[in-house]
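The next block holds one structure in the form of structure tokens; read it before the comments.
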Protein chains: 2
Amino acid sequence: MTFSPRVPSRAATLTDVARAAGVGESTASRVLRNKGSFSEDVHDRVLKAARTLNYVPNRIAGTLASTGSQLIGIIIPTLTTSVFPDLLRGTNAAVEAAGFHSVIAVTEYEAAREEQLIESILSWRPAGILIAGLEHTDRGRAMLKDSGVRIVEVGDIDGQGIDIVVGFSNYAVGRVVAEYLLKRKYRRIGYVGNEATHDLRAGKRYKAFKTTLAAAGLQLMDEEITPGLSSIQTGRDGLARLLKREPDLDVVYFANDDMAIGGYFHCLASGISVPDRLGLFGHNGLDIGRLAPQPLSTIRTPRGIVGEIGAKLLLSRAPSQVIDLGFELFEGMTT
Amino acid sequence: MTFSPRVPSRAATLTDVARAAGVGESTASRVLRNKGSFSEDVHDRVLKAARTLNYVPNRIAGTLASTGSQLIGIIIPTLTTSVFPDLLRGTNAAVEAAGFHSVIAVTEYEAAREEQLIESILSWRPAGILIAGLEHTDRGRAMLKDSGVRIVEVGDIDGQGIDIVVGFSNYAVGRVVAEYLLKRKYRRIGYVGNEATHDLRAGKRYKAFKTTLAAAGLQLMDEEITPGLSSIQTGRDGLARLLKREPDLDVVYFANDDMAIGGYFHCLASGISVPDRLGLFGHNGLDIGRLAPQPLSTIRTPRGIVGEIGAKLLLSRAPSQVIDLGFELFEGMTT
DNA sequence: ATGAAAGCGCTAACAC
DNA sequence: GTGTTAGCGCTTTCAT
């Protein structure tokens with residue numbers, strides 16, 4: 001029987017590197033972070049020691065010691081539609097370019113879950129938090145505000161922000177869409193959406209849409225609100241039910257492109273001619289709508305840019321502010 | 001002039017809570033984590049103190065002290081196609097359900113960047129890492145292996161894994177597609193893809209595809225490899241160039257659905273009848289292809305499930321293993 | 001059941 | 001230019 005030498009399986013620490021290089025810990029730290037001063041010779045020895053020891057710095061410890069994290073919290077409602085991945089793409093580019101990392105959390109559009117995730121993310125002491133929307137629970141909002149870190153709320157500017165707000169006005173969208181449809185002489189107007197509790201931004205568009213119609217002396221002929229998340233399926237089924245009740249509608253406004261495409265499929269399947277017999281209007285400007293046989297009329301939102309600008313401001317010392325990035329009405333072939 | 005009492009702006013710490021509750025730090029810690037024993041009375045006092053102080057635990061400190069993080073590192077090539085968000089959706093559900101958080105990093109398909117991100121992610125001492133693909137730089141692979149944490153490689157099972165591998169065989173995909181096209185009597189076959197350096201999985205499909213053709217005594221009539229990332233645009237342009245050289249092709253295999261849809265658009269725009277005059281075959285089973293005027297023939301991959309199972313195994317103590325989740329050939333209307 | 005004390009691995013003064 | 005020292009906020013023995 002032989003004794004095998006005890007091999008330390010734990011990862012190498014700064015202390016190990018310092019010892020191997022024959023210098024003090026702080027010197028090794030300075031070299032590794034390229035901060036402060038040190039001699040050429042020491043520099044080489046430390047780097048060599050780090051390499052041979054396969055040293056990977058422990059940022060957990062570094063963050064604790066310096067009280068300054070390189071983590072950014074990202075809180076979004078869902079990953080099911082491409083809307084938020086598009087946003088993420090923008091944020092991530094900016095975040096990684098700055099040497100930070102994103103910690104993401106998905107609320108599934110549930111307020112209670114959001115509150116819990118805010119606390120959870122905050123417990124990582126991120127350098128900042130980027131969160132979708134302006135509506136949070138009182139406690140959630142209080143935690144964000146009291147956290148002392150930069151907060152960026154994205155995607156919606158209709159309401160009271162905490163620090164920095166980047167997005168566009170969903171009220172304006174609802175109004176613009178209504179005005180457009182009215183201008184195009186549509187009068188028998190329907191709406192297909194999902195419960196506003198699930199998507200507050202869609203609720204704002206809906207509200208402004210109705211208000212604008214009312215100002216023109218019109219009102220929604222009928223609407224179909226489906227519970228749960230929006231999808232191609234719910235859009236398709238929703239339109240079918242709506243038309244069963246009101247076959248004479250001349251246009252339908254959908255809460256988003258997914259549902260609108262679903263509606264479009266219903267029309268294709270039922271032989272309803274678009275846009276002659278029925279016009280369709282969506283929201284978001286997703287690929288799926290742009291690439292449909294007849295490109296979907298919709299509102300194109302600057303999701304990637306919102307994410308990117310949001311992240312950049314998050315990492316900046318800019319003063320609190322609201323940035324309206326606007327949107328674009330795309331007139332496709334469904335209206 | 002009055003003195004305002006100095007308000008500590010810093011966040012409350014465990015020490016603050018303990019003091020406010022009139023107990024020791026360790027006792028407060030036990031109560032807050034519901035671990036160990038304490039009296040009913042102490043329990044209430046600590047919780048009340050925590051609430052009134054708006055205490056948010058500092059997991060950075062907690063992790064450092066307990067050497068056990070609640071962070072999972074996720075390393076993926078891109079956020080541009082919906083393939084990886086789909087994956088993410090699966091992982092995130094499992095990760096959050098277990099009370100963990102995902103730290104994501106995007107390599108943009110660059111090996112050097114991946115290596116750098118591996119180190120960067122590792123510096124957060126995650127409980128595990130989920131990474132796309134089996135190919136990494138030597139140093140990247142070494143760092144992963146030596147990290148001591150669970151590593152899950154997803155999306156590809158053709159090669160040597162480090163710990164746990166979840167995905168499907170891209171070689172098998174290439175072979176199955178070739179066999180299918182041959183069975184359908186296609187003989188004048190072309191390929192449109194992007195540089196294999198950018199998407200190694202696509203390269204494997206391509207290779208197996210050619211090998212299978214060769215075994216049947218056939219070879220690719222022509223191919224068009226575009227540099228850079230794949231997109232609808234590159235697929236469209238690629239097919240156009242390919243057909244200019246070889247107008248007599250009867251089917252084209254694309255590296256993925258994005259490119260295939262681009263090719264489909266080229267056909268629509270140029271009056272090329274699909275599939276009579278030219279067949280098109282993609283890969284991934286994206287919505288965009290499923291919802292095209294003529295549903296795209298493609299390979300449907302179980303991305304969400306791969307992510308979910310991968311994450312579950314990541315958090316488990318399961319032994320190292322390879323899990324083949326397979327794929328499905330979807331015969332659409334473009335072949 | 002509870003508290004004191006010793007770190008976790010690092011950074012940031014502050015000496016030298 | 002370099003080393004020593006004192007924490008960062010928490011968890012974890014180990015007494016009591």
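Residue numbers start at 1 in each chain; chains themselves are named A, B, ... in the order of the structure tokens; ligands are numbered from 1 in the order shown.
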
| message | According to DSSP computed on the backbone, where in segment 99-218 of chain B is there strand (DSSP E or B)? Give the residues as a list in words. | response |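 Matching residues, listed in order: His101, Ser102, Val103, Ile104, Ala105, Val106, Gly128, Ile129, Leu130, Ile131, Ala132, Arg150, Ile151, Val152, Glu153, Val154, Ile164, Val165, Val166, Gly167, Ile189, Gly190, Tyr191, Val192, Gly193 and Asn194 of chain B.
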
Using only C-alpha atoms, what does the table of chain A residues within 7 Å of chain B look like, with each row giving the shortest atom pair and its distance in Å to one decimal, sorted by chain and ascending number, as a Markdown table?
| residue | atom | partner | partner_atom | distance |
| --- | --- | --- | --- | --- |
| A:Val56 | CA | B:Ser123 | CA | 5.9 |
| A:Pro57 | CA | B:Ser123 | CA | 5.5 |
| A:Asn58 | CA | B:Ser123 | CA | 4.9 |
| A:Arg59 | CA | B:Ser123 | CA | 5.3 |
| A:Ile60 | CA | B:Ile60 | CA | 5.7 |
| A:Ala61 | CA | B:Leu64 | CA | 6.2 |
| A:Leu64 | CA | B:Ala61 | CA | 6.2 |
| A:Leu79 | CA | B:Arg89 | CA | 5.8 |
| A:Pro85 | CA | B:Pro85 | CA | 6.4 |
| A:Arg89 | CA | B:Leu79 | CA | 5.8 |
| A:His101 | CA | B:Val103 | CA | 6.6 |
| A:Ser102 | CA | B:Val103 | CA | 5.5 |
| A:Val103 | CA | B:Val103 | CA | 4.4 |
| A:Ile104 | CA | B:Ser102 | CA | 5.8 |
| A:Ala105 | CA | B:His101 | CA | 6.9 |
| A:Glu119 | CA | B:Val56 | CA | 6.8 |
| A:Ser123 | CA | B:Asn58 | CA | 4.9 |
| A:Trp124 | CA | B:Arg59 | CA | 5.4 |
| A:Arg125 | CA | B:Asn58 | CA | 6.8 |
| A:Ile288 | CA | B:Ile288 | CA | 5.8 |
| A:Ala292 | CA | B:Ala292 | CA | 6.6 |
| A:Pro293 | CA | B:Pro293 | CA | 6.0 |

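Every residue of chain D that lies within 9 Å of chain A is listed here, counting only C-alpha atoms (C1' of nucleotides): DG1, DT2, DG3, DT4, DG7, DC8 and DG9 of chain D.
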
(request) Return the neighbours of chain A among the residues of chain C, cut-off 7 Å, counting only C-alpha atoms (C1' of nucleotides), as a list of chain:residue names. (result) C:DG9, C:DC10, C:DT11

Okay, now the selection with N, CA and C atoms (P, O5', C5', C4', C3', O3' and C1' of nucleotides), as a PDB file, in the first residue's frame?
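Below is the file part32.pdb, written as the result:
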ATOM      1  P    DG C   9     -11.192  29.877  -1.166  1.00  0.00           P
ATOM      2  O5'  DG C   9     -10.916  31.222  -1.959  1.00  0.00           O
ATOM      3  C5'  DG C   9     -11.805  31.606  -2.991  1.00  0.00           C
ATOM      4  C4'  DG C   9     -11.564  33.048  -3.338  1.00  0.00           C
ATOM      5  C3'  DG C   9     -10.125  33.383  -3.731  1.00  0.00           C
ATOM      6  O3'  DG C   9     -10.166  34.016  -4.988  1.00  0.00           O
ATOM      7  C1'  DG C   9     -10.924  34.913  -2.117  1.00  0.00           C
ATOM      8  P    DC C  10      -8.926  34.661  -5.692  1.00  0.00           P
ATOM      9  O5'  DC C  10      -9.151  36.205  -5.392  1.00  0.00           O
ATOM     10  C5'  DC C  10     -10.257  36.835  -6.006  1.00  0.00           C
ATOM     11  C4'  DC C  10     -10.620  38.088  -5.261  1.00  0.00           C
ATOM     12  C3'  DC C  10      -9.678  39.260  -5.491  1.00  0.00           C
ATOM     13  O3'  DC C  10     -10.216  40.084  -6.525  1.00  0.00           O
ATOM     14  C1'  DC C  10     -10.392  39.069  -3.196  1.00  0.00           C
ATOM     15  P    DT C  11      -9.315  41.259  -7.099  1.00  0.00           P
ATOM     16  O5'  DT C  11      -9.627  42.438  -6.069  1.00  0.00           O
ATOM     17  C5'  DT C  11     -10.958  42.925  -5.980  1.00  0.00           C
ATOM     18  C4'  DT C  11     -11.009  44.072  -4.996  1.00  0.00           C
ATOM     19  C3'  DT C  11     -10.156  45.278  -5.356  1.00  0.00           C
ATOM     20  O3'  DT C  11     -10.938  46.413  -5.000  1.00  0.00           O
ATOM     21  C1'  DT C  11      -9.532  44.499  -3.217  1.00  0.00           C
TER      22       DT C  11
END

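Atom CA of Thr335 of chain A is found 9.3 Å from atom CA of Tyr186 of chain A.
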
I'd like the contact shell of Thr52 of chain B - 12 Å cut-off, only C-alpha atoms (C1' of nucleotides), skipping same-chain residues fewer than 5 positions apart - returned as a PyMOL selection string. chain B and resi 12+16-17+20-21+45-47

If we count only C-alpha atoms (C1' of nucleotides), what is near segment 276-278 of chain B at a cut-off of 10 Å, once residues fewer than 2 positions away on the same chain are taken out, given as a ChimeraX atom specification? /B:186,188-189,247-252,264,267,272-274,280,334-335

Secondary structure check, alpha helix (DSSP H) residues of segment 64-140 of chain A, as a PyMOL selection string: chain A and resi 64-66+83-97+111-122+138-140

| query | Using only C-alpha atoms (C1' of nucleotides), which residues sit within 10 Å of Gln219 of chain A once same-chain residues fewer than 2 positions away are excluded, as a PyMOL selection string? | reply | chain A and resi 187-190+209-217+221-222

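What separates atom CA of His266 of chain B from atom CA of Pro227 of chain B is a distance of 19.0 Å.
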
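Here atom CA of Glu135 of chain A is placed at a distance of 11.2 Å from atom CA of Glu110 of chain A.
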